[in-house]
Every structure is written in C-alpha cells, then in structure tokens.
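J.: Have a peek at input_35.cif (mmCIF, C-alpha atoms).
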```
data_run
loop_
_atom_site.label_atom_id
_atom_site.label_comp_id
_atom_site.auth_asym_id
_atom_site.auth_seq_id
_atom_site.Cartn_x
_atom_site.Cartn_y
_atom_site.Cartn_z
CA MET A 525 -32.20 22.34 -11.49
CA PRO A 526 -28.71 20.88 -12.19
CA VAL A 527 -25.93 23.31 -13.09
CA LYS A 528 -23.55 23.38 -16.04
CA ILE A 529 -19.80 23.48 -15.54
CA GLN A 530 -18.18 26.48 -17.23
CA SER A 531 -14.55 25.51 -16.81
CA ILE A 532 -12.11 23.29 -14.94
CA VAL A 533 -9.33 24.68 -12.76
CA PRO A 534 -6.00 23.19 -13.94
CA ASP A 535 -4.14 20.76 -11.68
CA THR A 536 -7.16 20.04 -9.48
CA ILE A 537 -9.08 16.85 -8.73
CA ALA A 538 -11.64 17.70 -11.42
CA ASP A 539 -8.83 18.09 -13.96
CA GLU A 540 -7.20 14.82 -12.94
CA ILE A 541 -10.39 12.72 -13.20
CA GLY A 542 -11.34 14.12 -16.57
CA ILE A 543 -14.38 16.27 -15.90
CA GLN A 544 -14.97 18.65 -18.81
CA SER A 545 -16.47 22.08 -19.34
CA GLU A 546 -20.13 21.91 -20.39
CA ASP A 547 -20.62 18.76 -18.28
CA ILE A 548 -23.66 18.89 -15.99
CA LEU A 549 -23.06 18.62 -12.23
CA LEU A 550 -25.93 16.56 -10.84
CA LEU A 551 -25.08 15.38 -7.33
CA ILE A 552 -22.44 15.64 -4.63
CA ASN A 553 -22.78 12.93 -1.98
CA GLY A 554 -26.38 12.41 -3.00
CA HIS A 555 -27.32 16.09 -2.75
CA ALA A 556 -28.71 17.87 -5.81
CA ILE A 557 -26.60 20.86 -6.83
CA HIS A 558 -28.56 23.94 -7.90
CA ASP A 559 -25.92 26.67 -7.74
CA GLU A 560 -22.45 27.65 -6.55
CA LEU A 561 -23.62 27.80 -2.95
CA ASP A 562 -24.68 24.14 -2.98
CA TYR A 563 -21.39 23.24 -4.63
CA ILE A 564 -19.32 25.02 -1.97
CA PHE A 565 -21.35 23.56 0.90
CA TYR A 566 -21.57 19.92 -0.17
CA GLN A 567 -17.98 19.57 -1.42
CA SER A 568 -16.74 20.39 2.08
CA ASP A 569 -16.16 16.77 2.97
CA GLU A 570 -13.29 14.30 2.87
CA GLN A 571 -15.07 11.55 0.92
CA ILE A 572 -16.86 12.66 -2.23
CA THR A 573 -19.22 10.90 -4.60
CA LEU A 574 -19.70 13.07 -7.66
CA GLN A 575 -22.34 12.46 -10.33
CA ILE A 576 -21.76 14.13 -13.71
CA LYS A 577 -23.83 14.06 -16.90
CA ARG A 578 -22.24 14.43 -20.35
CA GLY A 579 -24.67 14.29 -23.21
CA GLU A 580 -26.81 11.20 -22.61
CA ARG A 581 -24.27 9.50 -20.35
CA THR A 582 -23.95 9.76 -16.59
CA PHE A 583 -20.63 9.27 -14.76
CA THR A 584 -20.00 8.68 -11.07
CA HIS A 585 -16.64 9.57 -9.50
CA PHE A 586 -15.47 8.52 -6.02
CA PHE A 587 -12.45 10.17 -4.38
CA GLU A 588 -11.00 11.43 -1.12
CA LYS A 589 -9.66 14.92 -0.47
CA ASP A 590 -8.82 17.35 2.28
CA ILE A 591 -11.97 18.82 3.77
CA ASP A 592 -11.10 22.36 2.65
CA GLU A 593 -9.76 21.35 -0.77
CA ASP A 594 -11.74 22.61 -3.74
CA ILE A 595 -12.67 20.02 -6.35
CA GLY A 596 -11.84 22.48 -9.11
CA LEU A 597 -15.14 23.16 -10.86
CA GLU A 598 -16.16 26.64 -11.99
CA LEU A 599 -19.89 26.82 -12.60
CA TYR A 600 -21.86 29.14 -14.82
CA PRO A 601 -23.24 32.14 -12.91
CA MET A 602 -26.43 31.41 -11.05
CA LYS A 603 -29.72 33.00 -12.03
CA VAL A 604 -30.43 35.80 -9.57
CA CYS A 605 -33.78 35.96 -7.77
CA LYS A 606 -35.58 39.19 -8.57
CA CYS A 607 -37.37 41.45 -6.11
CA GLY A 608 -41.14 41.15 -5.96
CA CYS A 609 -41.58 44.39 -4.05
CA ASN A 610 -42.41 47.79 -5.47
CA CYS A 611 -40.96 50.02 -2.73
CA ILE A 612 -42.05 53.64 -2.78
CA PHE A 613 -38.39 54.75 -2.53
CA CYS A 614 -36.79 52.14 -4.81
CA PHE A 615 -33.61 53.56 -6.33
CA VAL A 616 -33.97 51.41 -9.45
CA ASP A 617 -37.31 53.07 -10.23
CA GLN A 618 -35.67 56.50 -10.22
CA ILE A 619 -32.43 55.73 -12.00
CA HIS A 620 -31.32 57.64 -15.09
CA PRO A 621 -32.54 55.90 -18.29
CA ASP A 622 -28.95 55.90 -19.60
CA ALA A 623 -27.41 54.34 -16.49
CA ARG A 624 -25.49 51.11 -16.92
CA PRO A 625 -27.85 48.10 -17.24
CA SER A 626 -26.74 46.38 -14.03
CA LEU A 627 -28.20 49.27 -12.00
CA LYS A 628 -31.64 48.51 -13.38
CA VAL A 629 -31.80 44.99 -11.96
CA LYS A 630 -33.90 44.54 -8.82
CA ASP A 631 -32.21 41.63 -7.07
CA ASP A 632 -33.55 40.12 -3.86
CA ASP A 633 -31.50 36.96 -3.42
CA PHE A 634 -30.46 35.51 -0.06
CA ARG A 635 -27.44 33.92 -1.71
CA LEU A 636 -26.13 37.35 -2.77
CA SER A 637 -26.81 38.58 0.75
CA PHE A 638 -24.56 35.84 2.11
CA PHE A 639 -21.89 36.16 -0.59
CA HIS A 640 -21.75 39.94 -1.03
CA GLY A 641 -23.77 41.64 1.71
CA ASN A 642 -26.69 42.61 -0.55
CA PHE A 643 -29.78 43.59 1.41
CA ILE A 644 -32.85 41.37 1.01
CA THR A 645 -36.49 41.89 1.98
CA LEU A 646 -37.53 38.31 2.99
CA SER A 647 -40.63 38.82 0.85
CA ASN A 648 -39.81 36.08 -1.66
CA LEU A 649 -38.36 33.38 0.61
CA THR A 650 -40.05 29.98 0.61
CA LYS A 651 -40.07 27.37 3.35
CA LYS A 652 -37.33 25.51 1.45
CA ASP A 653 -35.25 28.71 1.31
CA TYR A 654 -35.42 29.09 5.09
CA GLU A 655 -34.54 25.42 5.53
CA ARG A 656 -31.55 25.85 3.25
CA ILE A 657 -30.38 28.97 5.08
CA ILE A 658 -30.43 27.05 8.35
CA GLU A 659 -28.90 23.83 6.99
CA GLN A 660 -26.04 25.62 5.22
CA HIS A 661 -25.75 28.22 7.99
CA LEU A 662 -25.81 31.16 5.61
CA SER A 663 -24.71 33.75 8.10
CA PRO A 664 -24.57 36.70 8.28
CA LEU A 665 -27.52 37.92 6.21
CA TYR A 666 -28.37 41.55 5.48
CA ILE A 667 -32.05 42.44 5.83
CA SER A 668 -33.96 45.52 4.66
CA VAL A 669 -36.50 46.02 7.44
CA HIS A 670 -37.48 49.72 7.22
CA THR A 671 -40.14 49.21 9.89
CA THR A 672 -41.31 46.39 12.15
CA ASN A 673 -44.90 47.62 11.82
CA ASN A 674 -46.13 44.95 9.39
CA ALA A 675 -48.97 46.98 7.91
CA LEU A 676 -46.72 50.02 7.39
CA ARG A 677 -43.95 47.85 5.96
CA GLN A 678 -46.32 46.37 3.41
CA LYS A 679 -47.50 49.87 2.50
CA ILE A 680 -43.93 51.13 2.06
CA MET A 681 -42.61 48.07 0.22
CA ARG A 682 -45.86 47.20 -1.59
CA TYR A 683 -45.48 43.43 -1.59
CA LYS A 684 -48.54 41.25 -2.05
CA LYS A 685 -48.51 38.62 0.68
CA GLU A 686 -48.55 39.55 4.34
CA ILE A 687 -45.28 39.03 6.21
CA SER A 688 -44.54 39.26 9.91
CA VAL A 689 -41.00 40.57 9.66
CA MET A 690 -40.21 40.12 13.35
CA GLU A 691 -41.47 36.55 13.22
CA LYS A 692 -39.14 35.79 10.30
CA LEU A 693 -36.19 37.53 11.94
CA THR A 694 -36.82 35.74 15.23
CA PHE A 695 -36.87 32.39 13.42
CA LEU A 696 -33.52 33.12 11.80
CA ALA A 697 -32.10 34.40 15.08
CA ASP A 698 -33.29 31.33 17.00
CA ASN A 699 -31.53 29.15 14.43
CA GLY A 700 -28.15 30.81 14.81
CA ILE A 701 -28.18 33.23 11.87
CA THR A 702 -26.47 36.57 12.44
CA LEU A 703 -28.37 39.54 10.99
CA HIS A 704 -27.43 43.03 9.89
CA THR A 705 -30.52 45.16 9.35
CA GLN A 706 -31.22 48.46 7.67
CA ILE A 707 -33.92 51.10 7.87
CA VAL A 708 -34.28 53.56 5.00
CA LEU A 709 -35.71 56.58 6.78
CA ILE A 710 -38.58 58.36 5.01
CA PRO A 711 -39.82 61.52 6.76
CA GLY A 712 -43.51 61.26 7.60
CA TRP A 713 -43.58 57.50 7.03
CA ASN A 714 -41.30 55.49 9.31
CA ASP A 715 -39.66 58.18 11.45
CA GLY A 716 -40.39 59.42 14.97
CA VAL A 717 -42.32 56.93 17.11
CA GLU A 718 -42.31 54.34 14.33
CA LEU A 719 -38.53 54.52 14.05
CA GLU A 720 -38.07 54.13 17.79
CA ARG A 721 -40.39 51.13 17.85
CA SER A 722 -38.53 49.46 15.00
CA VAL A 723 -35.12 50.08 16.56
CA PHE A 724 -36.13 48.59 19.90
CA ASP A 725 -37.88 45.63 18.27
CA LEU A 726 -34.75 44.80 16.33
CA ALA A 727 -32.42 45.40 19.28
CA SER A 728 -34.45 42.89 21.29
CA LEU A 729 -32.97 40.20 19.03
CA TYR A 730 -29.37 41.08 19.97
CA PRO A 731 -26.88 39.41 19.67
CA ALA A 732 -28.38 37.79 16.55
CA VAL A 733 -29.13 41.28 15.22
CA GLN A 734 -25.63 42.70 15.29
CA SER A 735 -26.36 46.03 13.66
CA ILE A 736 -29.22 48.37 12.80
CA GLY A 737 -28.17 50.81 10.09
CA ILE A 738 -30.32 53.86 9.44
CA VAL A 739 -29.86 55.61 6.09
CA PRO A 740 -31.76 58.60 4.67
CA VAL A 741 -34.04 58.03 1.69
CA GLY A 742 -32.27 58.78 -1.58
CA LEU A 743 -34.23 60.78 -4.14
CA THR A 744 -33.19 61.52 -7.72
CA LYS A 745 -34.78 63.85 -10.24
CA PHE A 746 -36.39 60.89 -12.01
CA ARG A 747 -39.50 60.53 -9.85
CA GLU A 748 -42.28 61.36 -12.27
CA ASP A 749 -45.39 59.26 -11.53
CA LEU A 750 -43.76 57.93 -8.34
CA THR A 751 -44.94 58.48 -4.76
CA ARG A 752 -44.16 62.00 -3.60
CA LEU A 753 -41.58 61.74 -0.82
CA PRO A 754 -39.82 64.44 1.20
CA LYS A 755 -36.06 64.38 1.60
CA VAL A 756 -34.47 64.39 5.05
CA SER A 757 -33.89 67.99 6.15
CA LYS A 758 -31.05 69.34 8.26
CA ALA A 759 -33.39 69.68 11.26
CA GLN A 760 -34.62 66.10 10.83
CA ALA A 761 -31.05 64.83 10.56
CA LYS A 762 -30.21 66.53 13.86
CA GLU A 763 -33.32 65.02 15.46
CA VAL A 764 -32.40 61.49 14.35
CA ILE A 765 -28.86 61.96 15.66
CA LEU A 766 -30.21 63.01 19.09
CA GLN A 767 -32.70 60.10 19.10
CA SER A 768 -30.05 57.56 18.21
CA GLU A 769 -27.61 58.84 20.84
CA LYS A 770 -30.22 58.15 23.50
CA TRP A 771 -30.88 54.66 22.15
CA ARG A 772 -27.19 53.86 21.90
CA ARG A 773 -26.60 54.84 25.53
CA GLU A 774 -29.35 52.45 26.60
CA PHE A 775 -28.09 49.62 24.39
CA LEU A 776 -24.49 50.08 25.50
CA GLU A 777 -25.57 49.76 29.11
CA LYS A 778 -27.79 46.76 28.46
CA TYR A 779 -25.91 44.87 25.72
CA SER A 780 -22.40 46.42 25.73
CA SER A 781 -23.05 47.33 22.10
CA GLY A 782 -24.58 50.45 20.61
CA ILE A 783 -26.20 48.28 17.88
CA VAL A 784 -27.76 51.21 15.99
CA SER A 785 -25.66 53.47 13.76
CA LEU A 786 -26.41 56.22 11.29
CA ALA A 787 -25.26 56.75 7.73
CA ASP A 788 -22.57 59.37 7.24
CA GLU A 789 -25.10 61.53 5.39
CA PHE A 790 -26.96 62.34 8.60
CA PHE A 791 -23.87 63.87 10.21
CA LEU A 792 -22.81 65.68 7.05
CA LEU A 793 -26.29 67.08 6.48
CA ALA A 794 -26.60 68.19 10.11
CA ASP A 795 -23.09 69.71 10.19
CA GLU A 796 -22.30 67.47 13.15
CA PRO A 797 -18.91 65.84 13.85
CA ILE A 798 -18.33 62.40 12.39
CA PRO A 799 -18.34 59.86 15.26
CA ALA A 800 -15.14 58.24 16.47
CA ASP A 801 -14.01 54.80 15.35
CA GLU A 802 -15.62 53.11 18.38
CA TYR A 803 -19.07 54.19 17.23
CA TYR A 804 -18.97 51.85 14.24
CA GLU A 805 -17.99 48.65 16.09
CA ASP A 806 -15.94 46.96 13.34
CA PHE A 807 -17.83 48.78 10.56
CA PRO A 808 -20.34 46.02 9.65
CA GLN A 809 -22.27 48.32 7.30
CA ILE A 810 -19.51 50.40 5.76
CA GLU A 811 -20.68 49.32 2.27
CA ASN A 812 -24.02 50.87 3.21
CA GLY A 813 -22.38 54.28 3.71
CA ILE A 814 -22.07 53.91 7.48
CA GLY A 815 -18.51 54.72 8.50
CA LEU A 816 -16.94 55.50 5.13
CA VAL A 817 -16.04 59.03 6.18
CA ARG A 818 -14.53 57.95 9.49
CA ASP A 819 -12.54 55.25 7.73
CA PHE A 820 -11.22 57.80 5.23
CA ILE A 821 -10.27 60.30 7.94
CA ASP A 822 -8.50 57.64 10.00
CA ASN A 823 -6.53 56.44 6.98
CA TRP A 824 -5.82 59.90 5.55
CA LYS A 825 -2.35 60.20 7.10
CA ASN A 826 -1.08 56.98 5.53
CA TYR A 827 -2.84 57.70 2.26
CA SER A 828 -1.58 61.27 1.98
CA ASN A 829 1.96 60.21 2.89
CA GLU A 830 1.93 57.77 -0.03
CA LEU A 831 0.63 60.50 -2.32
CA LEU A 832 3.39 62.82 -1.15
CA LYS A 833 6.03 60.20 -1.92
CA GLN A 834 4.73 59.88 -5.47
CA HIS A 835 3.41 63.34 -6.26
CA ARG A 836 5.11 65.95 -4.09
CA ASN A 837 5.15 69.36 -5.79
CA LYS A 838 2.80 68.14 -8.52
CA LYS A 839 -0.60 69.66 -9.19
CA VAL A 840 -2.92 67.15 -7.51
CA LEU A 841 -6.67 67.56 -8.05
CA PHE A 842 -9.14 65.76 -5.77
CA VAL A 843 -12.72 65.25 -6.94
CA THR A 844 -15.60 64.54 -4.58
CA GLY A 845 -19.32 65.02 -4.12
CA VAL A 846 -21.02 67.95 -2.42
CA SER A 847 -21.56 66.26 0.95
CA PHE A 848 -17.92 65.22 1.52
CA TYR A 849 -16.34 68.36 0.06
CA SER A 850 -15.85 70.34 3.27
CA ILE A 851 -14.20 67.42 5.09
CA LEU A 852 -11.84 66.55 2.25
CA LYS A 853 -10.99 70.20 1.65
CA GLY A 854 -10.16 70.62 5.33
CA LEU A 855 -7.77 67.66 5.21
CA VAL A 856 -6.09 68.85 2.01
CA ASP A 857 -5.82 72.45 3.21
CA GLU A 858 -4.09 71.25 6.37
CA LEU A 859 -1.68 69.14 4.32
CA ASN A 860 -0.95 72.08 1.98
CA SER A 861 -0.12 74.23 4.98
CA LYS A 862 2.21 71.69 6.58
CA GLU A 863 3.87 70.36 3.43
CA ASP A 864 3.90 73.52 1.31
CA GLN A 865 1.83 71.94 -1.45
CA LYS A 866 -0.81 73.42 -3.74
CA TRP A 867 -3.20 70.50 -3.97
CA LYS A 868 -6.82 71.33 -4.77
CA VAL A 869 -10.26 69.86 -4.05
CA ILE A 870 -13.34 70.46 -6.19
CA GLN A 871 -16.91 69.39 -5.55
CA VAL A 872 -19.06 68.05 -8.38
CA GLU A 873 -22.78 68.62 -8.45
CA ASN A 874 -24.78 65.65 -9.65
CA GLU A 875 -26.53 66.70 -12.83
CA PHE A 876 -26.95 63.10 -13.97
CA LEU A 877 -29.26 62.06 -11.11
CA GLY A 878 -30.18 65.45 -9.68
CA LYS A 879 -28.61 67.91 -7.26
CA ASP A 880 -30.28 66.29 -4.24
CA VAL A 881 -27.88 63.37 -4.76
CA THR A 882 -24.72 64.58 -3.05
CA VAL A 883 -22.65 61.48 -2.26
CA ALA A 884 -19.41 60.82 -4.12
CA GLY A 885 -20.31 57.20 -4.81
CA LEU A 886 -23.12 58.25 -7.16
CA LEU A 887 -21.14 60.70 -9.26
CA ALA A 888 -21.43 60.23 -13.01
CA GLY A 889 -18.39 60.26 -15.24
CA GLN A 890 -19.89 62.93 -17.48
CA ASP A 891 -20.44 65.29 -14.53
CA VAL A 892 -16.88 64.82 -13.34
CA MET A 893 -15.42 65.40 -16.79
CA LYS A 894 -17.45 68.57 -17.18
CA ALA A 895 -16.27 69.85 -13.79
CA ILE A 896 -12.57 69.22 -14.44
CA GLN A 897 -12.33 70.31 -18.06
CA LYS A 898 -10.94 73.76 -17.18
CA GLU A 899 -8.76 72.55 -14.29
CA ASN A 900 -4.98 72.43 -14.59
CA TYR A 901 -3.59 69.31 -12.91
CA ASP A 902 -0.89 66.67 -13.13
CA VAL A 903 -2.63 64.03 -11.03
CA LEU A 904 -6.37 63.39 -10.79
CA ILE A 905 -7.74 61.66 -7.66
CA LEU A 906 -11.26 60.27 -8.09
CA PRO A 907 -13.53 58.63 -5.48
CA ASN A 908 -13.11 54.89 -5.63
CA GLU A 909 -16.81 54.48 -4.75
CA MET A 910 -17.96 56.00 -8.05
CA PHE A 911 -16.69 52.94 -9.95
CA ASN A 912 -17.93 49.35 -9.92
CA VAL A 913 -15.59 46.36 -9.75
CA ASP A 914 -14.97 46.69 -13.50
CA GLY A 915 -13.92 50.33 -13.13
CA VAL A 916 -17.07 51.77 -14.74
CA THR A 917 -19.21 54.67 -13.51
CA LEU A 918 -22.98 54.53 -13.25
CA ASP A 919 -23.22 56.27 -16.64
CA ASN A 920 -20.97 53.69 -18.31
CA VAL A 921 -17.75 55.73 -18.39
CA LYS A 922 -14.55 53.75 -17.87
CA MET A 923 -12.10 54.96 -15.26
CA GLU A 924 -9.33 55.56 -17.76
CA ASN A 925 -11.62 57.80 -19.83
CA VAL A 926 -12.39 60.22 -16.98
CA LYS A 927 -10.02 63.09 -17.80
#
```
Represent the structure from my file as structure tokens, please.
T.:
Amino acid sequence: MPVKIQSIVPDTIADEIGIQSEDILLLINGHAIHDELDYIFYQSDEQITLQIKRGERTFTHFFEKDIDEDIGLELYPMKVCKCGCNCIFCFVDQIHPDARPSLKVKDDDFRLSFFHGNFITLSNLTKKDYERIIEQHLSPLYISVHTTNNALRQKIMRYKKEISVMEKLTFLADNGITLHTQIVLIPGWNDGVELERSVFDLASLYPAVQSIGIVPVGLTKFREDLTRLPKVSKAQAKEVILQSEKWRREFLEKYSSGIVSLADEFFLLADEPIPADEYYEDFPQIENGIGLVRDFIDNWKNYSNELLKQHRNKKVLFVTGVSFYSILKGLVDELNSKEDQKWKVIQVENEFLGKDVTVAGLLAGQDVMKAIQKENYDVLILPNEMFNVDGVTLDNVKMENVK
C-alpha cells in the first residue's frame, strides 16, 4: 500500500522539486514503497526515478544525488504489525489497567526489530517478509525464542500455526542475517534440560547468533485468570548461573565467545557478584536488562564526579528499585565516606505492579512520589529507565511532576 508524505525537509531535493506534504509516494526506481524502511532502502542510489501522486494526477521526477543523500521526505508513521501469540507470561496481559496506553500494545514487527531492537517471535512472518528481510539485509534482528522445542514453544507462546523455530533461524543465518536471541526463563517449563538444549541449539548457529540472553519471567499482581506461573527463586537463580558458567566456558573454547549471558536480575536475586565488563561482549542486549548494572558501576566514577561538581554539600536523594538498592547504596556510602557528603539512597517498593516487580525501570511515578514525600532533599536523582523517550512513567506521570 502506497504511503503518504507527512512533511518535506527544507533545503532538500524533495523541497527543490516541489513535492508537497500529503502527496502519495508510489514508486522509487520502479519499487513500490510501503513504509519508511522501503523508502530508506530504495533511495540509496545515485540515480532516482520518483513517482508521486497528488489528487488524481501522477508526477514522475528524475534526478541524481549522492548515494547516501536523503531525498528529504518524512512519511507518516507506519502501521505496526501486532502479535498473534498469547504467551503465558505476556507482560501486556498483566499490566496495570491505568498504565499508559502504549504499554498495552502487543507489537511483533520485524521492522521495529531492525530499527529499535524490539524482540519478535517469527510467528507472523510471511514468505514475502522473509524475502524482504534478505533483500534489504535487515540485520541484526532480535528474536524471542524461549525454547527450541517446537511443541513446548507453541504451548508457551500459544500461536496457532506450527513453526520450526530452528529452521527459520537457520534460514536467516544462512542468508547473512545476524541474530540476537532471548529466552524468558519460566521455572518448570523451559528450564533445566530444556534450557540447556535450547542454548546449545542456538549456539550451533554462531556466528549468526551473536547472543543468547536469558531473562527471568516477570510477574505482576495482575494475573487473575492467567496461567499460574512460579517466579524464579534465589536457589534457581544460583542454579542458572552455575549452568551458564559451564556453557560459557565451552563456548569460549570453541567459538572464542561466551554467547550466552544472563539478565542482571539473576545475579542480584542470587546475591552473586555482577560479572566483569568482558562477560557482556559489547553489551548487545543491554536494553534487555543484561549488563545495565555493570555499565552503571563502570561509569559511576565519572557520573559521581559530575554530580559532585554540581551538587557538593547539597542533600542529594537517589531513588531506585528494590533489586538495585544494595549496589547503589554501597556506591553512595563509599562516596560519602571519601568526600564527606551526606547523600542518601532509598528503595521504592512497586505497589503499582506488585512487590514481586523489583527493577527500577518499572517503577511508577505514584510509588516514587509516595516514597519521597517525607524526604528532605535539594536534588532528586531518578532512574532514567523508569521514563520513556517522552519522559513519562508507566503510570503516565511526567518527569517534571515527580517530586
């Protein structure tokens, strides 16, 4: 379906040749344009034939440009492909009814995986989608695998048509697509022997599969009428850490890469040290909560020095979630001792989603405001992860209103 042009970037080719907002972009060099991805891919040429529709009239423009020069069209946002799965652990199904609307959208779009690192299931891809991924070399992609046991995967994700996930991943790998994969670990479902099988199946596709991220299942208090699932215990977290250390040693010897890495939550839950920088191998899944703590620790000196320059001898209050509290408090206590400051850290329990949700990135504005209302501070430091790109919390509180 052709796409409508939202606006024209000033002083660009599109501006010079008179293309207008609300025009319809039909073709670039004979290729139909369906979305921004097509536009980016097919305009990457030196000789361009552009077909535009305005009302009932069609215009054709010919011009030359540098291969990396943008024509200057800004298209209306593309319609996002929705998820056809009904996963037993889906976070959207257990979100607070008053959470911001964007958190209630189940996207499963390979274009968003390429653009933004969103994880996709492969359950809704057509033959044409795979052809497009290969032709436009949409790499890397981020894939939610959870298990390579096809029958178990279908049971966990509850999609209708049968899918051989390893067959699909192998096809992408054979065609030069780099893959980052994730396994949401559910005790009693895809752990133990099943987890080991999945990890080794995926590692067999190295170097196409560059990472295997394992994250614990997240459970909120809004699970009425949903599948009963156990949370990952401290003992289970320790077990997964020991398992993964063995796998990583084998992969490092065989592939010179550890490939598999665990979410920070496993180490925090198990009271185990956070791995060193080398463990994360360029942090390919940091947005998935794998390496955030290490990154913070490694950047703490520079960050705290900047804070000291601006706020020395002020009452600085740090807010964080339950799981990160002990680490942040340790860093701040050490700084207080060395710099003779009286900075303070408080942990906020998650009443909005439930106390089993302990990560700072899922803190609600209302919980934070309740926790700090009796605190005396000059400067308030909030977790960046609790805000979206517009500076809004999951319960629709703007950053500037958290006080």
J.: If the PyMOL selection byres ((chain A and resi 701) around 12) were run on this exact file, what residues would it hold? Put them as JSON, numbers by chain.
T.: {"A": [638, 654, 655, 656, 657, 658, 659, 660, 661, 662, 663, 664, 665, 666, 667, 692, 693, 694, 695, 696, 697, 698, 699, 700, 702, 703, 704, 729, 730, 731, 732, 733, 734]}
J.: Using all atoms listed in the file, which residues sit within 10 Å of Phe724 of chain A once same-chain residues fewer than 4 positions away are excluded, as a count of residues only?
T.: 9
J.: Counting all atoms listed in the file, which of A:Thr844, A:Gln678, A:Thr705, A:Ser768 gets nearest to Pro808 of chain A?
T.: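 Going through A:Thr844, A:Gln678, A:Thr705, A:Ser768 one by one, the smallest distance to Pro808 of chain A is for A:Thr705.
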J.: Do a neighbour search on segment 830-836 of chain A at 9 Å with only C-alpha atoms, toss out local chain neighbours closer than 2 positions, and write the hits as a PyMOL selection string.
T.: chain A and resi 825-828+838-840+863+865+902-903
J.: Next, dump the selected residues to file, keeping only C-alpha atoms, as a JSON list (two decimals), keeping the file's coordinate frame.
T.:
```json
[["chain", "number", "residue", "atom", "x", "y", "z"],
["A", 825, "LYS", "CA", -2.35, 60.20, 7.10],
["A", 826, "ASN", "CA", -1.08, 56.98, 5.53],
["A", 827, "TYR", "CA", -2.84, 57.70, 2.26],
["A", 828, "SER", "CA", -1.58, 61.27, 1.98],
["A", 838, "LYS", "CA", 2.80, 68.14, -8.52],
["A", 839, "LYS", "CA", -0.60, 69.66, -9.19],
["A", 840, "VAL", "CA", -2.92, 67.15, -7.51],
["A", 863, "GLU", "CA", 3.87, 70.36, 3.43],
["A", 865, "GLN", "CA", 1.83, 71.94, -1.45],
["A", 902, "ASP", "CA", -0.89, 66.67, -13.13],
["A", 903, "VAL", "CA", -2.63, 64.03, -11.03]]
```
J.: Pick from A:Glu774, A:Asp569, A:Thr582, A:Cys614: nearest to Leu550 of chain A, with all atoms listed in the file counted?
T.: A:Thr582
J.: Report as a list in words the full result of the PyMOL selection byres ((chain A and resi 883) around 7) when it is applied to this structure.
T.: Gly845, Val846, Ser847, Val881, Thr882, Ala884, Gly885 and Leu886 of chain A
J.: Do you have the atom CA of Ser850 of chain A-atom CA of Tyr804 of chain A distance handy?
T.: 21.7 Å
J.: Given the file shown, enumerate the residues that the PyMOL selection byres ((chain A and resi 708) around 7) captures and present them as a PyMOL selection string.
T.: chain A and resi 670+706-707+709-710+738-741
J.: Keeping only C-alpha atoms, write the selected residues to a file as a PDB file, in the coordinates of the input.
T.:
```pdb
ATOM      1  CA  HIS A 670     -37.480  49.720   7.220  1.00  0.00           C
ATOM      2  CA  GLN A 706     -31.220  48.460   7.670  1.00  0.00           C
ATOM      3  CA  ILE A 707     -33.920  51.100   7.870  1.00  0.00           C
ATOM      4  CA  LEU A 709     -35.710  56.580   6.780  1.00  0.00           C
ATOM      5  CA  ILE A 710     -38.580  58.360   5.010  1.00  0.00           C
ATOM      6  CA  ILE A 738     -30.320  53.860   9.440  1.00  0.00           C
ATOM      7  CA  VAL A 739     -29.860  55.610   6.090  1.00  0.00           C
ATOM      8  CA  PRO A 740     -31.760  58.600   4.670  1.00  0.00           C
ATOM      9  CA  VAL A 741     -34.040  58.030   1.690  1.00  0.00           C
TER      10      VAL A 741
END
```
J.: Could you list as a VMD selection string every residue that has an atom within 6 Å of (-6.1, 71.5, -2.3), using the file's coordinates and counting only C-alpha atoms?
T.: chain A and resid 856 to 857 866 to 869
J.: How far is it from atom CA of Asn553 of chain A to atom CA of Gly596 of chain A, in Å with one decimal?
T.: 16.2 Å
J.: Of the residues A:Ile814, A:Ala895, A:Ile595, A:Ala623, which is the one nearest to Glu873 of chain A, using only C-alpha atoms?
T.: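 Smallest separation from Glu873 of chain A among the options: A:Ala895.
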J.: Once 4 Å is added on each side, what are the centre and the three edge lengths, in Å to one decimal, of the axis-aligned box enclosing the listed atoms of segment 550-562 of chain A? Present them as JSON.
T.:
```
{"center_x": -25.6, "center_y": 20.1, "center_z": -6.4, "size_x": 14.3, "size_y": 23.4, "size_z": 16.9}
```
J.: Quick one, how far is atom CA of His640 of chain A from atom CA of Ile543 of chain A?
T.: 28.9 Å
J.: Between A:Ser781, A:Gln871, A:Thr573, A:Asn908, single out the one closest to Ile896 of chain A, counting all atoms listed in the file.
T.: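 The answer is A:Gln871, which sits nearest to Ile896 of chain A.
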J.: Rank A:Ile644, A:Val817, A:Ile572, A:Leu841 by their smallest atom-to-atom distance to Leu792 of chain A, using all atoms listed in the file, and report the top residue only.
T.: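 When distances to Leu792 of chain A are compared using all atoms listed in the file, the smallest one comes from A:Val817.
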